[in-house]
>>> print(open('target-v7.cif').read())   # mmCIF, C-alpha atoms
data_query
#
loop_
_atom_site.label_atom_id
_atom_site.label_comp_id
_atom_site.auth_asym_id
_atom_site.auth_seq_id
_atom_site.Cartn_x
_atom_site.Cartn_y
_atom_site.Cartn_z
CA MET I 1 80.35 7.80 59.74
CA ALA I 2 80.46 5.60 56.66
CA VAL I 3 76.80 6.32 56.00
CA LYS I 4 77.42 10.05 56.34
CA ALA I 5 80.27 9.90 53.86
CA ASP I 6 78.01 8.15 51.36
CA VAL I 7 75.36 10.78 51.74
CA GLY I 8 78.01 13.43 51.33
CA GLU I 9 79.01 11.94 47.99
CA LEU I 10 75.40 11.81 46.89
CA LEU I 11 74.94 15.43 47.89
CA GLN I 12 77.96 16.48 45.88
CA GLN I 13 76.56 14.74 42.82
CA HIS I 14 73.20 16.50 42.99
CA PRO I 15 72.87 19.59 40.75
CA PHE I 16 71.46 21.59 43.66
CA PHE I 17 74.84 21.38 45.35
CA ALA I 18 76.91 22.05 42.23
CA ASP I 19 79.67 24.57 42.90
CA MET I 20 78.68 24.93 46.54
CA ASP I 21 81.50 25.81 48.91
CA PRO I 22 82.82 22.44 50.22
CA VAL I 23 82.89 23.83 53.74
CA VAL I 24 79.17 24.58 53.58
CA GLN I 25 78.51 21.16 52.04
CA GLU I 26 80.33 19.57 54.94
CA ILE I 27 78.15 21.51 57.37
CA LEU I 28 74.95 20.49 55.60
CA VAL I 29 75.76 16.83 55.22
CA GLY I 30 75.00 16.41 58.90
CA CYS I 31 71.34 17.21 58.12
CA ALA I 32 71.13 14.78 55.19
CA ARG I 33 69.64 11.33 54.90
CA ASN I 34 69.31 8.92 52.01
CA GLU I 35 65.68 7.91 51.44
CA ARG I 36 63.61 5.71 49.17
CA PHE I 37 59.91 5.90 48.34
CA ASN I 38 58.00 3.26 46.49
CA ALA I 39 55.63 4.32 43.72
CA GLY I 40 52.37 5.53 45.22
CA SER I 41 53.80 6.47 48.61
CA HIS I 42 53.95 10.07 49.77
CA LEU I 43 57.01 12.15 50.48
CA TYR I 44 54.77 14.60 52.34
CA ARG I 45 51.12 15.52 52.75
CA GLU I 46 49.38 18.88 52.74
CA GLY I 47 49.07 20.49 56.16
CA GLN I 48 51.74 18.36 57.81
CA ALA I 49 54.87 19.92 59.27
CA ALA I 50 57.39 20.75 56.55
CA ASP I 51 60.23 18.98 58.28
CA ARG I 52 62.42 18.13 55.26
CA ILE I 53 63.44 19.12 51.80
CA PHE I 54 64.03 16.50 49.15
CA LEU I 55 66.74 16.43 46.52
CA ILE I 56 65.43 13.93 43.97
CA ARG I 57 68.11 11.56 42.71
CA HIS I 58 65.95 9.15 40.78
CA GLY I 59 62.32 8.93 39.70
CA ARG I 60 59.43 11.37 39.46
CA VAL I 61 57.31 13.04 42.12
CA ALA I 62 53.81 14.44 41.56
CA LEU I 63 52.80 17.58 43.41
CA GLU I 64 49.08 17.26 43.96
CA LEU I 65 46.20 19.26 45.29
CA GLN I 66 43.28 17.48 46.91
CA VAL I 67 39.90 18.58 45.60
CA PRO I 68 36.92 17.65 47.78
CA GLY I 69 34.67 15.11 46.09
CA LYS I 70 37.08 14.64 43.18
CA ASN I 71 40.33 12.94 42.38
CA PRO I 72 43.51 14.87 43.22
CA ILE I 73 44.89 17.14 40.51
CA VAL I 74 48.56 16.94 39.61
CA VAL I 75 49.80 20.50 39.15
CA ASP I 76 53.52 19.88 38.75
CA THR I 77 56.08 17.11 38.68
CA VAL I 78 59.61 17.03 40.02
CA ASP I 79 62.24 14.83 38.40
CA ALA I 80 65.73 13.58 39.13
CA GLY I 81 68.14 16.46 39.64
CA GLU I 82 65.42 18.74 41.00
CA VAL I 83 64.32 19.76 44.48
CA THR I 84 60.96 19.72 46.15
CA GLY I 85 59.84 21.22 49.39
CA TRP I 86 60.49 24.84 50.23
CA SER I 87 57.73 25.18 52.82
CA TRP I 88 60.47 24.65 55.45
CA LEU I 89 61.63 28.19 54.58
CA VAL I 90 58.30 29.89 55.11
CA PRO I 91 56.39 30.06 58.42
CA PRO I 92 54.27 28.32 59.60
CA TYR I 93 56.41 25.55 57.99
CA ASN I 94 53.56 23.35 56.76
CA TRP I 95 53.36 21.59 53.41
CA ALA I 96 51.09 23.37 50.94
CA MET I 97 50.32 20.27 48.86
CA ASP I 98 50.91 16.55 48.59
CA ALA I 99 54.03 15.03 47.06
CA ARG I 100 53.47 11.50 45.75
CA ALA I 101 56.10 9.20 44.25
CA MET I 102 54.91 8.42 40.69
CA THR I 103 57.72 5.90 40.31
CA LEU I 104 60.27 4.50 42.69
CA VAL I 105 61.96 7.61 44.05
CA ARG I 106 65.41 7.90 45.56
CA ALA I 107 66.08 11.15 47.30
CA ILE I 108 68.32 12.85 49.80
CA SER I 109 66.31 14.58 52.47
CA LEU I 110 67.64 17.42 54.55
CA ASP I 111 66.14 17.88 57.98
CA ALA I 112 64.48 21.29 58.18
CA THR I 113 65.05 21.94 61.87
CA CYS I 114 68.70 21.03 61.45
CA LEU I 115 68.96 23.31 58.39
CA ARG I 116 67.29 26.26 60.06
CA GLY I 117 69.59 25.85 63.05
CA LYS I 118 72.69 25.86 60.86
CA CYS I 119 71.43 28.88 58.92
CA GLU I 120 70.88 30.78 62.17
CA ALA I 121 74.30 29.80 63.47
CA ASP I 122 76.16 30.67 60.27
CA PRO I 123 74.60 33.25 57.90
CA MET I 124 76.96 32.07 55.14
CA VAL I 125 75.20 28.69 55.16
CA GLY I 126 71.83 30.44 54.96
CA TYR I 127 73.07 32.65 52.13
CA GLN I 128 74.35 29.68 50.16
CA LEU I 129 71.06 27.86 50.58
CA TYR I 130 68.87 30.85 49.77
CA LYS I 131 71.01 31.63 46.73
CA ARG I 132 70.04 28.22 45.40
CA PHE I 133 66.44 28.19 46.50
CA ILE I 134 65.33 31.64 45.33
CA PRO I 135 65.95 30.99 41.59
CA ILE I 136 64.09 27.68 41.86
CA MET I 137 61.17 29.36 43.60
CA GLY I 138 61.19 32.14 41.01
CA LYS I 139 61.21 29.68 38.13
CA ARG I 140 58.36 27.68 39.62
CA LEU I 141 56.34 30.83 40.25
CA TYR I 142 56.77 32.01 36.63
CA ALA I 143 55.90 28.54 35.37
CA ALA I 144 52.78 28.42 37.53
CA ARG I 145 51.69 31.80 36.17
CA ARG I 146 52.14 30.55 32.61
CA GLN I 147 50.08 27.47 33.42
CA LEU I 148 47.32 29.81 34.61
CA LEU I 149 47.13 31.28 31.11
CA ASP I 150 45.65 28.00 29.85
CA VAL I 151 47.20 28.71 26.45
CA TYR I 152 46.18 25.40 24.91
CA GLY I 153 42.50 25.84 25.67
CA SER I 154 40.02 26.31 22.83
CA PRO I 155 40.14 29.95 21.65
CA ARG I 156 36.36 30.11 21.92
CA MET R 1 46.87 36.93 -11.28
CA LEU R 2 45.49 36.64 -14.77
CA PRO R 3 46.11 39.63 -17.03
CA ALA R 4 43.06 41.84 -17.50
CA GLY R 5 40.69 40.40 -20.03
CA SER R 6 42.38 37.03 -20.10
CA TYR R 7 39.24 35.28 -18.84
CA TRP R 8 37.27 36.39 -21.89
CA MET R 9 40.14 35.56 -24.17
CA SER R 10 40.38 32.13 -22.67
CA MET R 11 36.67 31.49 -23.21
CA ALA R 12 37.62 30.75 -26.77
CA ALA R 13 40.68 28.73 -25.79
CA PRO R 14 40.71 24.98 -25.21
CA ALA R 15 39.59 23.86 -21.73
CA SER R 16 43.07 22.59 -20.85
CA GLU R 17 44.57 26.03 -21.52
CA LEU R 18 41.91 27.64 -19.36
CA ARG R 19 42.68 25.22 -16.56
CA SER R 20 46.40 25.96 -16.85
CA ALA R 21 45.77 29.69 -16.76
CA LEU R 22 43.53 29.35 -13.70
CA ALA R 23 46.01 27.04 -11.99
CA ALA R 24 48.65 29.74 -12.34
CA ASP R 25 46.38 32.22 -10.56
CA PRO R 26 47.02 32.00 -6.81
CA MET R 27 43.56 33.38 -6.10
CA VAL R 28 41.75 30.52 -7.83
CA PRO R 29 41.19 27.41 -5.73
CA ALA R 30 41.67 23.95 -7.18
CA ARG R 31 39.31 21.14 -6.27
CA TRP R 32 40.62 18.50 -3.90
CA ARG R 33 38.51 15.56 -2.79
CA ILE R 34 38.34 14.45 0.83
CA ASP R 35 39.46 10.82 0.76
CA ARG R 36 39.53 10.37 4.48
CA ARG R 37 38.37 12.30 7.47
CA GLY R 38 39.31 11.41 11.01
CA ARG R 39 38.65 12.86 14.42
CA GLU R 40 41.73 13.67 16.48
CA LEU R 41 40.15 15.36 19.52
CA SER R 42 36.63 16.44 20.39
CA ASP R 43 37.00 19.62 18.30
CA VAL R 44 39.95 18.70 16.08
CA PHE R 45 39.80 16.68 12.87
CA THR R 46 42.11 15.74 10.02
CA VAL R 47 41.23 15.62 6.33
CA GLU R 48 43.27 13.82 3.69
CA LEU R 49 42.83 15.21 0.21
CA SER R 50 43.66 14.15 -3.32
CA PRO R 51 43.78 16.50 -6.33
CA GLN R 52 40.87 16.58 -8.77
CA ASP R 53 42.15 19.19 -11.22
CA HIS R 54 45.05 19.28 -13.62
CA PRO R 55 47.80 20.34 -13.87
CA LEU R 56 48.92 18.85 -10.58
CA PRO R 57 49.65 21.23 -7.73
CA ARG R 58 52.96 22.79 -6.89
CA HIS R 59 55.49 21.17 -4.57
CA TRP R 60 54.97 22.02 -0.89
CA SER R 61 57.46 22.05 1.96
CA PRO R 62 57.08 21.41 5.70
CA GLY R 63 55.77 24.51 7.46
CA GLN R 64 53.81 25.91 4.54
CA PHE R 65 50.05 26.41 4.57
CA ASN R 66 47.11 26.25 2.19
CA MET R 67 43.96 28.30 1.97
CA LEU R 68 41.12 25.81 2.33
CA TYR R 69 37.82 26.89 0.85
CA VAL R 70 34.58 25.35 2.03
CA PHE R 71 32.27 26.08 -0.86
CA GLY R 72 29.53 28.44 0.22
CA ALA R 73 31.00 28.93 3.68
CA GLY R 74 34.41 30.58 3.51
CA GLU R 75 38.14 30.18 3.39
CA VAL R 76 40.73 29.63 6.12
CA ALA R 77 44.51 29.30 6.27
CA ILE R 78 45.57 25.89 7.55
CA SER R 79 49.11 24.50 7.80
CA ILE R 80 49.90 21.23 6.09
CA SER R 81 50.28 18.39 8.60
CA GLY R 82 51.07 15.44 6.33
CA ASP R 83 54.13 13.67 5.04
CA PRO R 84 56.17 15.72 2.55
CA ALA R 85 57.24 12.48 0.87
CA ASN R 86 53.69 12.18 -0.42
CA GLN R 87 53.20 15.45 -2.28
CA TYR R 88 49.85 14.61 -3.85
CA ARG R 89 48.13 13.71 -0.65
CA LEU R 90 47.43 16.84 1.30
CA VAL R 91 46.77 16.40 4.99
CA HIS R 92 45.34 19.18 7.12
CA THR R 93 44.53 19.08 10.80
CA VAL R 94 41.90 21.61 11.80
CA ARG R 95 40.24 22.81 14.98
CA ALA R 96 36.52 23.51 14.47
CA VAL R 97 36.37 26.93 16.02
CA GLY R 98 34.45 29.23 13.65
CA PRO R 99 31.78 29.08 10.94
CA THR R 100 34.15 27.96 8.16
CA THR R 101 36.01 25.30 10.12
CA GLU R 102 32.75 24.08 11.63
CA ALA R 103 31.32 23.76 8.11
CA MET R 104 34.50 21.91 7.14
CA SER R 105 34.05 19.55 10.08
CA ARG R 106 30.68 18.53 8.62
CA LEU R 107 32.19 17.49 5.27
CA ARG R 108 32.62 13.80 4.64
CA ALA R 109 34.77 11.55 2.44
CA GLY R 110 33.92 12.21 -1.19
CA ASP R 111 33.15 15.91 -0.67
CA ASN R 112 35.32 18.53 -2.33
CA LEU R 113 37.31 21.37 -0.82
CA GLY R 114 38.85 24.29 -2.68
CA VAL R 115 42.59 24.59 -2.11
CA ARG R 116 44.87 27.53 -2.86
CA GLY R 117 48.54 27.19 -2.14
CA PRO R 118 50.98 26.21 -0.90
CA PHE R 119 51.98 29.55 0.57
CA GLY R 120 54.58 30.97 2.90
CA THR R 121 58.00 30.13 4.20
CA ASP R 122 58.98 26.66 5.39
CA TRP R 123 60.86 25.01 8.24
CA PRO R 124 64.50 25.01 7.03
CA VAL R 125 64.96 21.27 7.36
CA VAL R 126 67.59 21.04 4.62
CA ALA R 127 69.66 23.94 5.95
CA ALA R 128 69.53 22.25 9.37
CA GLU R 129 71.25 19.08 8.17
CA GLY R 130 74.18 18.25 10.41
CA ALA R 131 72.64 19.91 13.45
CA ASP R 132 70.66 18.58 16.38
CA LEU R 133 66.96 19.18 15.83
CA VAL R 134 64.66 20.33 18.59
CA PHE R 135 60.92 20.44 17.94
CA VAL R 136 58.87 22.28 20.54
CA ALA R 137 55.12 21.99 20.06
CA GLY R 138 52.23 23.25 22.08
CA GLY R 139 48.66 22.01 21.67
CA LEU R 140 47.63 22.01 18.02
CA GLY R 141 51.10 23.31 17.13
CA LEU R 142 52.25 19.74 16.65
CA ALA R 143 50.31 19.62 13.36
CA PRO R 144 52.40 22.19 11.42
CA LEU R 145 55.56 20.60 12.84
CA ARG R 146 54.66 17.05 11.84
CA PRO R 147 55.83 17.35 8.19
CA ALA R 148 59.24 18.53 9.40
CA ILE R 149 59.42 15.71 11.96
CA LEU R 150 58.50 13.16 9.30
CA HIS R 151 61.13 14.60 6.99
CA ALA R 152 63.75 14.35 9.76
CA LEU R 153 62.79 10.76 10.51
CA ALA R 154 62.93 9.83 6.83
CA ASN R 155 66.41 11.36 6.67
CA ARG R 156 67.47 10.44 10.19
CA GLY R 157 71.15 9.99 9.32
CA ARG R 158 71.50 13.63 8.29
CA TYR R 159 70.81 14.98 11.77
CA GLY R 160 72.33 14.68 15.21
CA ALA R 161 70.03 14.32 18.20
CA VAL R 162 66.34 14.74 17.37
CA CYS R 163 64.21 15.88 20.28
CA ILE R 164 60.47 16.45 20.36
CA TYR R 165 59.06 18.36 23.31
CA PHE R 166 55.30 18.58 23.36
CA GLY R 167 53.04 20.43 25.76
CA ALA R 168 49.29 20.05 25.98
CA ARG R 169 46.52 21.05 28.30
CA ARG R 170 45.56 17.62 29.64
CA PRO R 171 46.48 14.02 28.77
CA GLN R 172 43.21 13.61 26.87
CA ASP R 173 44.16 16.60 24.67
CA LEU R 174 47.29 15.05 23.17
CA LEU R 175 47.25 15.42 19.41
CA PHE R 176 48.47 12.45 17.31
CA ARG R 177 48.77 10.39 20.48
CA GLN R 178 49.34 7.05 18.74
CA GLN R 179 52.03 8.51 16.53
CA LEU R 180 53.69 10.12 19.56
CA GLU R 181 53.74 6.73 21.27
CA ARG R 182 55.34 5.15 18.18
CA TRP R 183 57.96 7.88 18.08
CA ARG R 184 58.67 7.36 21.78
CA GLY R 185 59.34 3.72 21.01
CA ARG R 186 62.26 4.58 18.74
CA PHE R 187 65.79 4.47 20.07
CA ASP R 188 66.98 7.41 17.98
CA LEU R 189 64.53 10.02 19.22
CA GLU R 190 63.94 11.90 22.46
CA VAL R 191 60.21 12.45 22.89
CA GLU R 192 58.93 14.16 26.01
CA VAL R 193 55.35 15.14 26.65
CA THR R 194 54.10 17.37 29.42
CA VAL R 195 50.63 18.59 30.33
CA ASP R 196 49.48 21.63 32.26
CA HIS R 197 47.51 19.52 34.72
CA ALA R 198 46.50 15.91 35.05
CA ALA R 199 44.69 13.32 37.09
CA THR R 200 46.67 10.82 39.11
CA ASP R 201 46.63 8.16 36.37
CA TRP R 202 49.02 10.23 34.22
CA SER R 203 52.62 9.09 34.68
CA GLY R 204 54.34 11.75 32.56
CA PRO R 205 55.60 15.19 33.51
CA VAL R 206 53.24 17.98 34.51
CA GLY R 207 54.21 21.59 33.93
CA VAL R 208 55.04 24.00 31.16
CA VAL R 209 56.85 22.79 28.05
CA THR R 210 59.87 24.99 28.78
CA LYS R 211 60.76 22.57 31.58
CA LEU R 212 61.42 19.91 28.97
CA ILE R 213 63.76 22.22 27.07
CA GLU R 214 65.68 22.97 30.24
CA ARG R 215 66.72 19.35 30.69
CA GLY R 216 66.74 18.30 27.02
CA ASN R 217 69.64 16.27 25.66
CA PHE R 218 70.85 18.36 22.76
CA ASP R 219 73.92 20.45 22.02
CA PRO R 220 72.73 24.07 22.11
CA LEU R 221 75.67 25.27 20.04
CA SER R 222 74.77 22.89 17.19
CA THR R 223 71.00 23.00 17.35
CA THR R 224 68.25 24.15 15.04
CA ALA R 225 64.91 24.48 16.82
CA PHE R 226 61.41 24.58 15.36
CA VAL R 227 58.71 25.94 17.64
CA CYS R 228 54.98 26.00 17.03
CA GLY R 229 52.06 26.65 19.34
CA PRO R 230 50.24 29.53 21.00
CA GLU R 231 52.27 32.70 20.61
CA VAL R 232 52.91 33.17 24.32
CA MET R 233 54.17 29.60 24.57
CA MET R 234 56.48 30.16 21.59
CA ARG R 235 57.87 33.30 23.16
CA PHE R 236 58.82 31.52 26.38
CA ALA R 237 60.08 28.44 24.55
CA ALA R 238 62.31 30.59 22.34
CA MET R 239 63.61 32.45 25.40
CA GLU R 240 64.42 29.14 27.10
CA LEU R 241 66.19 27.82 24.00
CA ALA R 242 68.17 31.03 23.62
CA GLY R 243 68.93 30.91 27.35
CA ARG R 244 70.46 27.47 26.87
CA GLY R 245 72.68 28.91 24.16
CA VAL R 246 70.83 28.17 20.93
CA ASP R 247 71.53 30.89 18.33
CA PRO R 248 68.33 33.00 18.01
CA ASP R 249 68.61 32.76 14.22
CA GLU R 250 68.52 28.97 14.55
CA ILE R 251 65.25 29.10 16.46
CA HIS R 252 62.28 29.18 14.07
CA LEU R 253 58.73 30.08 15.04
CA SER R 254 55.54 29.60 13.06
CA MET R 255 53.41 32.70 13.48
CA GLU R 256 49.68 32.91 13.06
CA ARG R 257 47.72 35.94 11.93
CA ASN R 258 44.43 36.48 10.12
CA MET R 259 45.33 35.53 6.56
CA LYS R 260 42.96 36.31 3.71
CA CYS R 261 44.63 36.64 0.31
CA ALA R 262 47.78 34.68 1.27
CA ILE R 263 49.84 36.55 -1.31
CA ALA R 264 50.64 39.75 0.61
CA PHE R 265 48.10 41.96 -1.14
CA CYS R 266 45.33 42.49 1.36
CA GLY R 267 47.36 43.32 4.47
CA HIS R 268 45.13 41.42 6.90
CA CYS R 269 48.09 39.46 8.27
CA GLN R 270 50.48 42.39 8.57
CA TRP R 271 52.73 42.02 11.60
CA GLY R 272 54.98 45.04 11.99
CA PRO R 273 56.98 45.25 8.77
CA HIS R 274 56.04 41.67 7.78
CA PHE R 275 53.20 39.98 6.00
CA VAL R 276 52.88 36.68 7.80
CA CYS R 277 51.44 34.96 4.70
CA LYS R 278 54.47 35.77 2.56
CA ASP R 279 57.40 36.59 4.87
CA GLY R 280 56.21 33.84 7.24
CA PRO R 281 54.60 31.93 8.72
CA VAL R 282 58.02 30.55 9.68
CA PHE R 283 60.34 33.26 11.01
CA PRO R 284 63.76 33.07 12.66
CA TYR R 285 63.33 34.19 16.27
CA GLY R 286 66.28 36.57 15.94
CA ARG R 287 64.41 38.47 13.26
CA VAL R 288 61.16 38.94 15.18
CA VAL R 289 62.18 38.88 18.83
CA ASP R 290 61.39 42.58 19.28
CA LEU R 291 57.93 42.23 17.72
CA LEU R 292 56.91 39.47 20.11
CA THR R 293 56.71 41.77 23.10
CA ILE R 294 54.85 44.67 21.47
CA THR R 295 51.42 44.89 23.08
CA GLU R 296 48.47 44.22 20.77
CA LEU R 297 50.64 43.85 17.66
#
>>> encode(input="target-v7.cif", output="structure tokens")
Amino acid sequence: MAVKADVGELLQQHPFFADMDPVVQEILVGCARNERFNAGSHLYREGQAADRIFLIRHGRVALELQVPGKNPIVVDTVDAGEVTGWSWLVPPYNWAMDARAMTLVRAISLDATCLRGKCEADPMVGYQLYKRFIPIMGKRLYAARRQLLDVYGSPR
Amino acid sequence: MLPAGSYWMSMAAPASELRSALAADPMVPARWRIDRRGRELSDVFTVELSPQDHPLPRHWSPGQFNMLYVFGAGEVAISISGDPANQYRLVHTVRAVGPTTEAMSRLRAGDNLGVRGPFGTDWPVVAAEGADLVFVAGGLGLAPLRPAILHALANRGRYGAVCIYFGARRPQDLLFRQQLERWRGRFDLEVEVTVDHAATDWSGPVGVVTKLIERGNFDPLSTTAFVCGPEVMMRFAAMELAGRGVDPDEIHLSMERNMKCAIAFCGHCQWGPHFVCKDGPVFPYGRVVDLLTITEL
């Protein structure tokens, strides 16, 4: 129980949970776990089951795509206060890329099966979560589109 | 411009008078010698120039540009990228991208360039005293911002937080990398650099520059922002700044159009009701926000 209470405090401090109904927070804390990743280790790998989401508390995570015959390409980074991992929301619930700790990373992970179960059981929990995830997904999508423009390339 | 017939009249005048008359004509370039030429990136170089003609050139301010004339090749508008504390050493950072700039890239120390200017509006660094300063640069856009940054650093006590957010294509495309690293080493500056994509040996952020604005440590209600880079990047950066609460009239953008005469005669750089060479290149976002979304303008 003491561990749970600690995680609950950490959840409350994370911007993703700012202004969230305390009742919903209390429901979600049961899915949460405090985790640590050393620099160079992976939070998740492409193709594996998307079994968690990560609320980054400290450090930086690289989102990478593997390119056959070449080094991986970093396409985005996620820093403290941000969230990574929304493949748990979208069937078939597999990670679409790798997430590698660029530094020591401290994160709270939320178990995806547990989350989906609580969303099914109480639509208010699902609504609260989706209300937070959709703007993040939208922002990332717009950012990715702007990256596609390659605006800094030579005008030639 | 010289009055009609003044050239012939001045033929009989002393050479110094002729030089003064020509110096007053904004269409006549003065000779500046390349003292130093350095490569920044594979297609980007910097020239440092000293004046060869008298009288000495007019005072320039951060954000202004000169028309650089490569004799026998052509003329291009290039922003000043040097230190405003050193008025008689012009520094220009140029991407070799067309016949004139490619010809310029082949010049060496000791060669002469023609210079007309300075022209245009400046970054309002004096009016911004007392505020937090946010510099948002994209790609080569760091060059026109550098004089304003150097001014702010030379007068650091007159500003609140000073933040530099820089976006580039890849880590190997970072302009003024050594200087950026020195700035990052200061305790009174926030310098964040992001790239659009990177290999795994890059330890900085990856993503668009607006991400840096989103989490920047400045007070939006007391901030003056200077933004320079590709137009689409400036548009989104200005939107992000305004979204955080920065007054649109305190967000300044440096626009780029095809400038020819640089004195608002020829109309090549017309942008809606503005001539970028004279009314700009630095515009308050609040004044041009509607123009930025007009297709093909």
>>> residues_around(input="target-v7.cif", residues="range 62-79 of chain I", least_positions_apart="6", cutoff="8 Å", atoms="only C-alpha atoms", output="ChimeraX atom specification")
/I:56,97-102 /R:196-200,205-207
>>> write_last_selection(input="target-v7.cif", atoms="C-alpha atoms", output="mmCIF file, in the frame of the given file")
data_model
loop_
_atom_site.group_PDB
_atom_site.id
_atom_site.type_symbol
_atom_site.label_atom_id
_atom_site.label_comp_id
_atom_site.auth_asym_id
_atom_site.auth_seq_id
_atom_site.Cartn_x
_atom_site.Cartn_y
_atom_site.Cartn_z
ATOM 1 C CA ILE I 56 65.430 13.930 43.970
ATOM 2 C CA MET I 97 50.320 20.270 48.860
ATOM 3 C CA ASP I 98 50.910 16.550 48.590
ATOM 4 C CA ALA I 99 54.030 15.030 47.060
ATOM 5 C CA ARG I 100 53.470 11.500 45.750
ATOM 6 C CA ALA I 101 56.100 9.200 44.250
ATOM 7 C CA MET I 102 54.910 8.420 40.690
ATOM 8 C CA ASP R 196 49.480 21.630 32.260
ATOM 9 C CA HIS R 197 47.510 19.520 34.720
ATOM 10 C CA ALA R 198 46.500 15.910 35.050
ATOM 11 C CA ALA R 199 44.690 13.320 37.090
ATOM 12 C CA THR R 200 46.670 10.820 39.110
ATOM 13 C CA PRO R 205 55.600 15.190 33.510
ATOM 14 C CA VAL R 206 53.240 17.980 34.510
ATOM 15 C CA GLY R 207 54.210 21.590 33.930
#
>>> resolve_selection(input="target-v7.cif", expression="the PyMOL selection byres ((chain I and resi 126-141) around 9)", output="PyMOL selection string")
chain I and resi 16-17+20-21+24+83+86+115-116+118-125+142-146
>>> closest_atom_pairs(input="target-v7.cif", of="chain R", to="chain I", cutoff="10 Å", atoms="all atoms listed in the file", output="tab-separated table")
residue	atom	partner	partner_atom	distance
R:Asp43	CA	I:Ser154	CA	8.6
R:Arg95	CA	I:Ser154	CA	8.6
R:Ala96	CA	I:Ser154	CA	9.5
R:Val97	CA	I:Arg156	CA	6.7
R:Gly98	CA	I:Arg156	CA	8.5
R:Gly138	CA	I:Tyr152	CA	7.0
R:Gly139	CA	I:Tyr152	CA	5.3
R:Leu140	CA	I:Tyr152	CA	7.8
R:Gly141	CA	I:Tyr152	CA	9.4
R:Gly167	CA	I:Tyr152	CA	8.5
R:Ala168	CA	I:Tyr152	CA	6.3
R:Arg169	CA	I:Tyr152	CA	5.5
R:Arg170	CA	I:Tyr152	CA	9.1
R:Asp173	CA	I:Tyr152	CA	9.0
R:Thr194	CA	I:Thr77	CA	9.5
R:Val195	CA	I:Asp76	CA	9.0
R:Asp196	CA	I:Gln147	CA	6.0
R:His197	CA	I:Val75	CA	5.1
R:Ala198	CA	I:Val74	CA	5.1
R:Ala199	CA	I:Ile73	CA	5.1
R:Thr200	CA	I:Val74	CA	6.4
R:Asp201	CA	I:Met102	CA	9.3
R:Trp202	CA	I:Val74	CA	8.6
R:Ser203	CA	I:Met102	CA	6.5
R:Gly204	CA	I:Thr77	CA	8.3
R:Pro205	CA	I:Thr77	CA	5.5
R:Val206	CA	I:Asp76	CA	4.7
R:Gly207	CA	I:Asp76	CA	5.2
R:Val208	CA	I:Ala143	CA	6.3
R:Val209	CA	I:Ala143	CA	9.4
R:Thr210	CA	I:Ala143	CA	8.5
R:Lys211	CA	I:Ala143	CA	8.6
R:Arg215	CA	I:Gly81	CA	9.5
R:Gly229	CA	I:Tyr152	CA	8.2
R:Pro230	CA	I:Val151	CA	6.3
R:Glu231	CA	I:Val151	CA	8.7
R:Val232	CA	I:Val151	CA	7.6
R:Met233	CA	I:Val151	CA	7.3
R:Phe236	CA	I:Arg146	CA	9.2
>>> resolve_selection(input="target-v7.cif", expression="the PyMOL selection byres ((chain R and resi 91) around 9)", output="NGL selection string")
:R and (46-49 or 79-83 or 89-90 or 92-93)
>>> atom_distance(input="target-v7.cif", atom1="CA of Val282 in chain R", atom2="CA of Phe226 in chain R")
8.9 Å
>>> atom_distance(input="target-v7.cif", atom1="CA of Gly8 in chain I", atom2="CA of Leu104 in chain I")
21.7 Å
>>> atom_distance(input="target-v7.cif", atom1="CA of Leu253 in chain R", atom2="CA of His151 in chain R")
17.6 Å
